[in-house]
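Beneath this line is the structure, given in structure tokens, with notes to follow.
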Amino acid sequence: MLRVSGGGRERVNPWTYVLLVLLLIPFLFPLAWMFLSSLKTQVQNTAYPPVWVFAPTLSNYREVFQKNPFFTFTVNSMVVALGSTGLALLLGLPGAYAIARYKRTGIALAILTARMAPGIGYLIPWFILFTKAKMIDTYSALILTHLIVALPLVLWVMIGFFEDVPGDLIESARIDGCSNWAAFLRIAIPLAKPGIVATGILAFIFSWNNFLFSLIIAGFKTRTLPIAVYSFLSYEEINWGGLTAAATVITLPVLLLALLVQKHIVRGLTLGAMKG
Amino acid sequence: MRHLGTGWSRFVERHPVPVFTLPSVVAVTLLMAFPVVYTLYMSVHSWYASSLTSPNFVGLGNFHRAFVSDDRFRNAFWLTVYFTALATALQLVLGVSLALVLNRPFRGKGFMRSIFLLPMVATPVAIALVWMMMYNPTLGVMNYLVGLAGLGPYRWVSNAAIVVPALAVVDTWEWTPLITLITLAGLATLPIEPYESALIDGASVTQMFWRITLPLLRPTIVVALLFRAIDCLKTFDIIYVMTQGGPGFASETLNVYTFQVGLFYFHIGYASSLLVILFALVLGVSLLLIKVRRAAW
Amino acid sequence: MRVTRKVWVLAIALCVALASPALAQQFNWQQAKGTQLRVLLNKHPWQGAIEPHLKEFETLTGIKLVAEVYPEDQFRAKVLVELTSGASSIDVFMSMPAQEGLKYVRAGWLQPVNEFLKSPALTALDYNWNDFLEKTRDAMVIEGMIIGPPIQVENTSLMYRKDVFQKYNVKVPTTLDELEAAAKALNGKAMTDDGQPGYGIVARGKRAAATSQFAAYLHAMGSTWLSPSREPIFNNEDGVKALELYGRLLRLYGPPGSENNHWYEASSIFSQGKAAMYTDANSLFPVIEDGQKSKVVGKIGYALFPRGPKGQYGSTVAAWGLAMPKTSKNQKAAWLFMQWATAKEQVLAVQSEKGVLGARESVWKDPKGMAKVPADLRESLTVGSKMGTPLWNPPVVADAECRDAIGAAIVVSIQGGDVKAADNKAAADVKRIMLETEKK
């Protein structure tokens with residue numbers, strides 16, 4: 001149904017909520033299923049038809065944490081995600097500002113091509129490079145490789161946000177004798193703060209979820225959570241309780257993060273598309 | 001020292017663009033330079049990684065082999081296109097439709113958006129795992145659910161005939177919310193005037209949709225489509241975790257095939273040429289979509 | 001006179017008996033004290049069994065061990081990627097020479113241990129290389145180089161549900177024809193805990209992974225991978241028959257979606273009680289008899305892989321071993337580890353504690369070593385290891401690629417396609433790959 005948003009006090013049709021719930025269920029279902037399965041025993045998990053009502057147990061989580069150094073994995077994922085996000089913001093914010101203010105779309109497009117290249121193309125050369133530099137199984141190597149995803153993301157989304165910063169504010173600051181750098185730091189950044197938060201969180205999430213790069217570049221000490229889950233899969237094939245517990249542990253942080261700051265994230269994603 | 005200080009800030013004043021963008025450009029260039037050069041160099045050589053043999057130049061030999069004599073490549077190429085077309089089409093139709101349906105007043109828009117975000121941010125590897133369980137032919141809940149509707153049971157990702165659609169369903173589940181959210185944002189910024197004049201002219205709802213809404217939304221949707229298409233062409237995580245390209249080779253897209261050739265067979269030369277082809281494919285599709293967007297203006 | 005001789009014999013025996021411990025004590029386990037070893041292990045029953053004992057090695061030798069464990073696919077990829085880079089810090093890794101050995105040897109990545117074995121300073125006198133089963137020793141030798149010691153032996157064998165065969169009064173197959181008849185007879189019969197029907201047979205079908213088990217069928221039919229002049233001949237008449245049989249068994253009497261099954265899935269189906277027979281490596285014995293996960297503990301019979309129409313043995317002999325990269329900077333220490341891990345004491349521990357099938361004959365004869373191993377398993381393993389072929393993989397350099405090429409044909413057979421055409425294509429692919437990768 002087409003409705004131009006005229007705002008105002010329209011009476012909300014209660015059926016709307018019914019519709020809403022129906023539409024949201026398919027998107028929630030797999031995640032809910034994952035969580036429920038993690039609370040079931042092996043017998044309950046392999047029952048068919050599926051069991052919907054059951055007494056929950058935490059034994060799968062206990063097993064996962066006891067048998068695997070999940071704490072280490074989490075720390076690794078955290079370090080790499082924070083590192084690559086921080087670095088991407090540091091390098092990318094000035095760039096996005098300049099591109100937005102001076103309308104250098106050429107550079108923007110060039111950076112976009114970095115996003116087009118298949119990840120595997122980076123893997124082998126990087127592996128050889130990092131091995132020769134004795135950097136395999138280090139955080140630095142992982143952070144650098146995650147940067148190739150984070151930096152274009154920061155640029156692409158922040159260009160949109162910086163474009164929103166009113167040019168007059170910057171102009172008047174410049175007239176008052178502000179240098180370019182100061183205008184950027186003191187005016188643009190604070191005004192674009194929601195965007196920075198959004199971008200930072202998006203970059204964090206994508207680094208957290210990264211599988212391919214970590215698979216090859218991470219070593220035993222720096223294994224991240226997606227790798228841990230994947231390892232779980234090959235040997236514990238039928239242990240659905242354990243698998244879903246591991247999967248829940250991995251996705252929970254990013255899910256919570258998304259819920260906490262959804263407003264910012266949605267703005268970030270949609271702006272990136274609309275200004276594109 | 002002071003002289004240097006003023007000199008530097010003068011430089012920054014005069015040339016803001018290079019100074020501000022330099023860190024990003026340098027970082028990306030450094031990270032990309034070696035891989036790009038390496039890949040291009042290797043793509044015209046034949047080399048099975050070993051310490052004893054060295055790469056030997058074969059010119060366009062790898063490319064010739066891919067397009068002319070390698071069945072598996074042609075299979076991978078076709079599957080990549082098939083998967084991308086199917087997934088993006090599904091996401092587009094579903095996403096836009098959902099947005100239109102949800103574009104009405106109600107309380108809790110924030111909550112709805114939160115729920116929508118979840119599939120997009122959940123870790124793909126974990127998602128792949130959960131869907132694998134749901135798709136299990138004997139114990140999975142998917143067969144149970146479709147059974148309630150009188151359909152199935154299906155073998156889902158164990159069935160070579162429907163494995164690609166089954167995978168496309170997973171990708172659609174993950175990313176339709178993105179299209180919906182973007183479309184909703186776009187809908188919120190639509191101007192009122194065209195609709196008002198259309199109503200005065202007696203246009204029907206459908207006419208307004210096709211003649212006003214869609215064209216106005218087109219630039220936004222196309223950009224979303226662009227990103228999704230690029231990502232679908234390069235999809236790796238869910239396919240690799242769920243099927244590793246199987247059953248047989250029925251879901252072996254270019255990305256998965258290249259991974260096998262490069263990191264399992266260690267045929268670096270051939271893998272590099274496959275990467276060049278894949279990149280060309282992505283670039284081609286991107287240029288096409290950018291053109292479509294420009295046309296919309 | 002006789003008394004004097006007896007005295008002489010006694011005296012000599014006494015001297016030898018007194019000397020032996022002295023000789024054994026002379027071996028210096030601490031000669032590489034203070035080094036650190038990086039050991040890469042595949043997630044495998046052997047690794048699970050030896051891990052609790054690693055501290056004993058550290059105490060004995062003063063060498064610090066850093067052991068990294070990965071699941072198989074990742075493990076192989078990691079080792080390969082590291083060795084290719086030429087700058088690896090791996091000191092020891094688990095290896096299956098019959099799979100990747102030729103490639104690693106030709107690439108110059110491995111350090112042969114022939115000299116280590118011969119040197120009394122580096123190898124304890126009671127190590128006894130000849131105690132290892134002959135075919136496993138052979139498996140560890142590539143082009144004259146001994147890669148390292150074998151840690152475990154396995155055959156492709158026939159694992160079956162004793163209770164199901166008894167219940168339906170079916171004879172345990174000893175030939176391929178009987179195998180098919182039994183699969184047909186038992187398919188669809190009730191065989192799970194709660195009386196649900198199951199499949200006649202289950203086996204791997206997943207491309208490359210299935211190739212090693214298909215090898216048993218191939219050889220039982222009388223074919224093999226390469227001719228003496230290293231031409232692919234697995235698509236000859238017998239070979240095509242074997243391929244047709246394999247696909248037919250799974251298609252008609254096996255679980256749907258077999259072409260997706262690695263040993264993880266196949267062994268799961270068997271341990272959940274859903275199949276009457278399972279052809280795979282008998283080293284999976286600890287997995288299918290795992291009290292915590294398996295529903296068929298104690299009901300499994302282990303039989304020699306069925307023989308072919310002309311009486312050929314199909315059981316393949318495979319051995320996992322330990323290998324040392326040439327780039328290792330701690331080769332002496334690495335050899336000490338390889339030696340310790342495969343010394344009689346450790347093999348006995350691993351076998352008696354977890355049922356991992358070690359490669360030492362003396363342990364097979366030791367009642368403690370056989371405590372966890374069922375009698376029929378020992379028998380089928382002994383015969384299988386003597387009569388079987390080590391060629392459970394095509395002996396080529398580009399093993400991964402060739403296994404995938406052959407695996408593609410296996411998948412076609414399972415799916416009911418044109419087996420002969422697929423087999424010929426696989427042979428052509430293998431030939432092309434060999435040409436590209438084996439220029440000397």
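A note on labels: chains of the structure tokens are A, B, ... as shown, every chain counts residues from 1, and ligands are counted from 1 in their shown order.
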
Can you list every residue in stretch 17-114 of chain A that DSSP puts in helix (DSSP H, G or I), as a VMD selection string? chain A and resid 17 to 38 42 to 45 59 to 67 70 to 102 105 to 114

Per-residue nearest contacts stretch 218-264 of chain B to stretch 106-124 of chain B, cut-off 10 Å, using only C-alpha atoms, as a Markdown table:
| residue | atom | partner | partner_atom | distance |
| --- | --- | --- | --- | --- |
| B:Phe236 | CA | B:Pro124 | CA | 9.6 |
| B:Asp237 | CA | B:Pro124 | CA | 6.4 |
| B:Ile238 | CA | B:Pro124 | CA | 6.3 |
| B:Val241 | CA | B:Pro124 | CA | 9.2 |

Any chance you could export the current selection's C-alpha atoms as an mmCIF file, in the first residue's frame?
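As a result, result.cif now contains:
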data_model
loop_
_atom_site.group_PDB
_atom_site.id
_atom_site.type_symbol
_atom_site.label_atom_id
_atom_site.label_comp_id
_atom_site.auth_asym_id
_atom_site.auth_seq_id
_atom_site.Cartn_x
_atom_site.Cartn_y
_atom_site.Cartn_z
ATOM 1 C CA PHE B 236 32.310 -17.206 -0.136
ATOM 2 C CA ASP B 237 31.574 -17.838 3.515
ATOM 3 C CA ILE B 238 28.149 -19.425 3.352
ATOM 4 C CA VAL B 241 30.896 -23.651 4.968
#

Residues of chain B no more than 10 Å from chain C, counting only C-alpha atoms: send them over as a PyMOL selection string. chain B and resi 46-53+70+137-138+155-160+243-249+260-267

Only C-alpha atoms, please: the residues just picked out, written as a PDB file, in the first residue's frame.
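That gives us result-v4.pdb:
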ATOM      1  CA  SER B  46      52.062 -21.443 -14.994  1.00  0.00           C
ATOM      2  CA  TRP B  47      53.348 -22.373 -11.583  1.00  0.00           C
ATOM      3  CA  TYR B  48      52.531 -25.099  -9.144  1.00  0.00           C
ATOM      4  CA  ALA B  49      53.982 -23.792  -5.907  1.00  0.00           C
ATOM      5  CA  SER B  50      57.151 -25.616  -5.085  1.00  0.00           C
ATOM      6  CA  SER B  51      60.594 -24.629  -4.040  1.00  0.00           C
ATOM      7  CA  LEU B  52      62.238 -26.382  -6.957  1.00  0.00           C
ATOM      8  CA  THR B  53      60.355 -25.291 -10.065  1.00  0.00           C
ATOM      9  CA  ASP B  70      38.031 -26.133 -18.493  1.00  0.00           C
ATOM     10  CA  PRO B 137      17.063 -33.766   5.221  1.00  0.00           C
ATOM     11  CA  THR B 138      16.099 -36.068   8.076  1.00  0.00           C
ATOM     12  CA  ARG B 155      17.254 -32.642   0.404  1.00  0.00           C
ATOM     13  CA  TRP B 156      18.038 -28.945   0.126  1.00  0.00           C
ATOM     14  CA  VAL B 157      21.774 -28.460  -0.051  1.00  0.00           C
ATOM     15  CA  SER B 158      22.381 -32.177  -0.564  1.00  0.00           C
ATOM     16  CA  ASN B 159      20.414 -32.065  -3.791  1.00  0.00           C
ATOM     17  CA  ALA B 160      22.419 -30.895  -6.785  1.00  0.00           C
ATOM     18  CA  THR B 243      28.594 -27.176   0.741  1.00  0.00           C
ATOM     19  CA  GLN B 244      32.270 -26.548  -0.147  1.00  0.00           C
ATOM     20  CA  GLY B 245      30.989 -26.292  -3.686  1.00  0.00           C
ATOM     21  CA  GLY B 246      29.087 -29.581  -3.599  1.00  0.00           C
ATOM     22  CA  PRO B 247      27.204 -31.827  -4.061  1.00  0.00           C
ATOM     23  CA  GLY B 248      29.737 -32.750  -6.689  1.00  0.00           C
ATOM     24  CA  PHE B 249      30.368 -29.313  -8.159  1.00  0.00           C
ATOM     25  CA  GLN B 260      40.321 -24.745  -4.408  1.00  0.00           C
ATOM     26  CA  VAL B 261      42.726 -24.150  -7.277  1.00  0.00           C
ATOM     27  CA  GLY B 262      44.838 -21.653  -5.399  1.00  0.00           C
ATOM     28  CA  LEU B 263      44.882 -22.880  -1.834  1.00  0.00           C
ATOM     29  CA  PHE B 264      44.300 -26.612  -2.236  1.00  0.00           C
ATOM     30  CA  TYR B 265      45.880 -27.502  -5.537  1.00  0.00           C
ATOM     31  CA  PHE B 266      48.337 -24.668  -5.222  1.00  0.00           C
ATOM     32  CA  HIS B 267      48.185 -23.987  -8.927  1.00  0.00           C
TER      33      HIS B 267
END

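For stretch 57-74 of chain A, the list of residues within 6 Å, based on only C-alpha atoms and with local chain neighbours fewer than 6 positions off taken out, reads Leu39, Arg223, Thr224, Leu225, Gly241, Gly242 and Ala245 of chain A.
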
Selection file, N, CA and C atoms, as a PDB file, in the first residue's frame:
ATOM      1  N   LEU A  39      20.095 -24.812  23.884  1.00  0.00           N
ATOM      2  CA  LEU A  39      19.654 -25.143  25.233  1.00  0.00           C
ATOM      3  C   LEU A  39      19.096 -26.554  25.326  1.00  0.00           C
ATOM      4  N   ARG A 223      43.791 -17.113  16.495  1.00  0.00           N
ATOM      5  CA  ARG A 223      42.547 -17.598  15.910  1.00  0.00           C
ATOM      6  C   ARG A 223      41.362 -16.775  16.392  1.00  0.00           C
ATOM      7  N   THR A 224      40.525 -16.391  15.435  1.00  0.00           N
ATOM      8  CA  THR A 224      39.348 -15.612  15.798  1.00  0.00           C
ATOM      9  C   THR A 224      38.130 -16.524  15.887  1.00  0.00           C
ATOM     10  N   LEU A 225      37.040 -15.983  16.390  1.00  0.00           N
ATOM     11  CA  LEU A 225      35.854 -16.787  16.649  1.00  0.00           C
ATOM     12  C   LEU A 225      35.281 -17.519  15.436  1.00  0.00           C
ATOM     13  N   GLY A 241      23.897 -29.358  19.765  1.00  0.00           N
ATOM     14  CA  GLY A 241      23.821 -28.505  20.945  1.00  0.00           C
ATOM     15  C   GLY A 241      25.094 -27.683  21.074  1.00  0.00           C
ATOM     16  N   GLY A 242      26.219 -28.371  20.960  1.00  0.00           N
ATOM     17  CA  GLY A 242      27.501 -27.678  21.066  1.00  0.00           C
ATOM     18  C   GLY A 242      27.689 -26.666  19.951  1.00  0.00           C
ATOM     19  N   ALA A 245      25.525 -23.673  20.484  1.00  0.00           N
ATOM     20  CA  ALA A 245      26.030 -22.883  21.611  1.00  0.00           C
ATOM     21  C   ALA A 245      27.201 -22.038  21.145  1.00  0.00           C
TER      22      ALA A 245
END

Give as a count of residues only every residue of chain C that touches chain A within 10 Å, counting only C-alpha atoms. 31

One number please: atom CA of C:Asn42 to atom CA of C:Ser283, in Å, one decimal. 14.2 Å

Using only C-alpha atoms, which residues of stretch 131-180 of chain A come within 12 Å of stretch 87-99 of chain A, and what is the closest atom pair for each, with the distance in Å to one decimal? Give it as a Markdown table, sorted by chain and residue number.
| residue | atom | partner | partner_atom | distance |
| --- | --- | --- | --- | --- |
| A:Ser140 | CA | A:Leu87 | CA | 11.0 |
| A:Ile143 | CA | A:Leu87 | CA | 8.4 |
| A:Leu144 | CA | A:Leu87 | CA | 8.8 |
| A:Thr145 | CA | A:Ala88 | CA | 11.2 |
| A:His146 | CA | A:Ala88 | CA | 9.3 |
| A:Leu147 | CA | A:Ala88 | CA | 6.2 |
| A:Ile148 | CA | A:Ala88 | CA | 8.9 |
| A:Val149 | CA | A:Ala88 | CA | 9.1 |
| A:Ala150 | CA | A:Ala88 | CA | 5.9 |
| A:Leu151 | CA | A:Ala88 | CA | 4.8 |
| A:Pro152 | CA | A:Gly92 | CA | 8.0 |
| A:Leu153 | CA | A:Ala88 | CA | 8.7 |
| A:Val154 | CA | A:Gly92 | CA | 6.0 |
| A:Leu155 | CA | A:Ala96 | CA | 5.0 |
| A:Trp156 | CA | A:Ala96 | CA | 7.5 |
| A:Val157 | CA | A:Ala96 | CA | 8.4 |
| A:Met158 | CA | A:Ala96 | CA | 5.8 |
| A:Ile159 | CA | A:Ala96 | CA | 4.9 |
| A:Gly160 | CA | A:Ala96 | CA | 8.5 |
| A:Phe161 | CA | A:Tyr97 | CA | 8.9 |
| A:Phe162 | CA | A:Tyr97 | CA | 5.8 |
| A:Glu163 | CA | A:Tyr97 | CA | 8.1 |
| A:Asp164 | CA | A:Tyr97 | CA | 10.7 |
| A:Val165 | CA | A:Tyr97 | CA | 9.7 |
| A:Gly167 | CA | A:Tyr97 | CA | 11.6 |
| A:Ile170 | CA | A:Tyr97 | CA | 11.6 |
| A:Asn180 | CA | A:Ala98 | CA | 9.7 |

Specify as a VMD selection string all residues of chain B found within 6 Å of chain A, counting only C-alpha atoms. chain B and resid 17 20 to 21 23 to 24 35 101 106 114 118 122 to 123 126 139 182 220 223 to 224 279

Mind the document's chain letters and residue numbers, and return as JSON, numbers by chain the residues of stretch 15-144 of chain B that DSSP labels strand (DSSP E or B). {"B": [45, 46, 48, 56, 57]}

To one decimal in Å, tell me the separation between atom CA of C:Asp238 and atom CA of C:Tyr217. 10.0 Å

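From atom CA of C:Gly200 back to atom CA of C:Glu180, the distance works out to 8.9 Å.
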
9 Å contact set for C:Ser413, only C-alpha atoms, chain neighbours under 2 positions out, as a ChimeraX atom specification: /C:243-248,251,408-411,415-419,422

Now that the selection is made, can you save its residues with N, CA and C atoms as a PDB file, in the first residue's frame?
ATOM      1  N   LEU C 243      33.591 -48.604 -10.293  1.00  0.00           N
ATOM      2  CA  LEU C 243      32.953 -47.309 -10.125  1.00  0.00           C
ATOM      3  C   LEU C 243      31.431 -47.437 -10.179  1.00  0.00           C
ATOM      4  N   GLU C 244      30.974 -48.260 -11.102  1.00  0.00           N
ATOM      5  CA  GLU C 244      29.522 -48.466 -11.194  1.00  0.00           C
ATOM      6  C   GLU C 244      28.995 -49.076  -9.898  1.00  0.00           C
ATOM      7  N   LEU C 245      29.732 -50.063  -9.374  1.00  0.00           N
ATOM      8  CA  LEU C 245      29.288 -50.722  -8.142  1.00  0.00           C
ATOM      9  C   LEU C 245      29.194 -49.730  -6.997  1.00  0.00           C
ATOM     10  N   TYR C 246      30.240 -48.915  -6.849  1.00  0.00           N
ATOM     11  CA  TYR C 246      30.275 -47.966  -5.740  1.00  0.00           C
ATOM     12  C   TYR C 246      29.076 -47.033  -5.784  1.00  0.00           C
ATOM     13  N   GLY C 247      28.844 -46.480  -6.971  1.00  0.00           N
ATOM     14  CA  GLY C 247      27.725 -45.549  -7.103  1.00  0.00           C
ATOM     15  C   GLY C 247      26.392 -46.243  -6.911  1.00  0.00           C
ATOM     16  N   ARG C 248      26.288 -47.446  -7.446  1.00  0.00           N
ATOM     17  CA  ARG C 248      25.037 -48.176  -7.350  1.00  0.00           C
ATOM     18  C   ARG C 248      24.708 -48.489  -5.895  1.00  0.00           C
ATOM     19  N   ARG C 251      23.576 -45.315  -4.283  1.00  0.00           N
ATOM     20  CA  ARG C 251      22.365 -44.755  -4.860  1.00  0.00           C
ATOM     21  C   ARG C 251      21.146 -45.581  -4.474  1.00  0.00           C
ATOM     22  N   ALA C 408      34.991 -36.461  -8.840  1.00  0.00           N
ATOM     23  CA  ALA C 408      33.891 -36.003  -9.689  1.00  0.00           C
ATOM     24  C   ALA C 408      33.208 -37.184 -10.356  1.00  0.00           C
ATOM     25  N   ALA C 409      34.012 -38.157 -10.794  1.00  0.00           N
ATOM     26  CA  ALA C 409      33.437 -39.339 -11.434  1.00  0.00           C
ATOM     27  C   ALA C 409      32.627 -40.153 -10.428  1.00  0.00           C
ATOM     28  N   ILE C 410      33.132 -40.208  -9.195  1.00  0.00           N
ATOM     29  CA  ILE C 410      32.403 -40.950  -8.165  1.00  0.00           C
ATOM     30  C   ILE C 410      31.036 -40.317  -7.946  1.00  0.00           C
ATOM     31  N   VAL C 411      31.027 -38.985  -7.913  1.00  0.00           N
ATOM     32  CA  VAL C 411      29.752 -38.293  -7.703  1.00  0.00           C
ATOM     33  C   VAL C 411      28.783 -38.604  -8.837  1.00  0.00           C
ATOM     34  N   GLN C 415      25.128 -40.357  -8.547  1.00  0.00           N
ATOM     35  CA  GLN C 415      23.921 -39.686  -9.030  1.00  0.00           C
ATOM     36  C   GLN C 415      23.271 -40.418 -10.185  1.00  0.00           C
ATOM     37  N   GLY C 416      23.897 -41.500 -10.647  1.00  0.00           N
ATOM     38  CA  GLY C 416      23.274 -42.318 -11.682  1.00  0.00           C
ATOM     39  C   GLY C 416      23.549 -41.855 -13.092  1.00  0.00           C
ATOM     40  N   GLY C 417      24.634 -41.112 -13.289  1.00  0.00           N
ATOM     41  CA  GLY C 417      24.934 -40.629 -14.635  1.00  0.00           C
ATOM     42  C   GLY C 417      25.749 -41.632 -15.446  1.00  0.00           C
ATOM     43  N   ASP C 418      26.327 -41.154 -16.539  1.00  0.00           N
ATOM     44  CA  ASP C 418      27.100 -42.014 -17.432  1.00  0.00           C
ATOM     45  C   ASP C 418      28.451 -42.298 -16.801  1.00  0.00           C
ATOM     46  N   VAL C 419      28.575 -43.459 -16.180  1.00  0.00           N
ATOM     47  CA  VAL C 419      29.779 -43.765 -15.417  1.00  0.00           C
ATOM     48  C   VAL C 419      30.984 -43.879 -16.321  1.00  0.00           C
ATOM     49  N   ALA C 422      32.247 -40.541 -17.435  1.00  0.00           N
ATOM     50  CA  ALA C 422      32.836 -39.799 -16.320  1.00  0.00           C
ATOM     51  C   ALA C 422      34.207 -40.355 -15.975  1.00  0.00           C
TER      52      ALA C 422
END
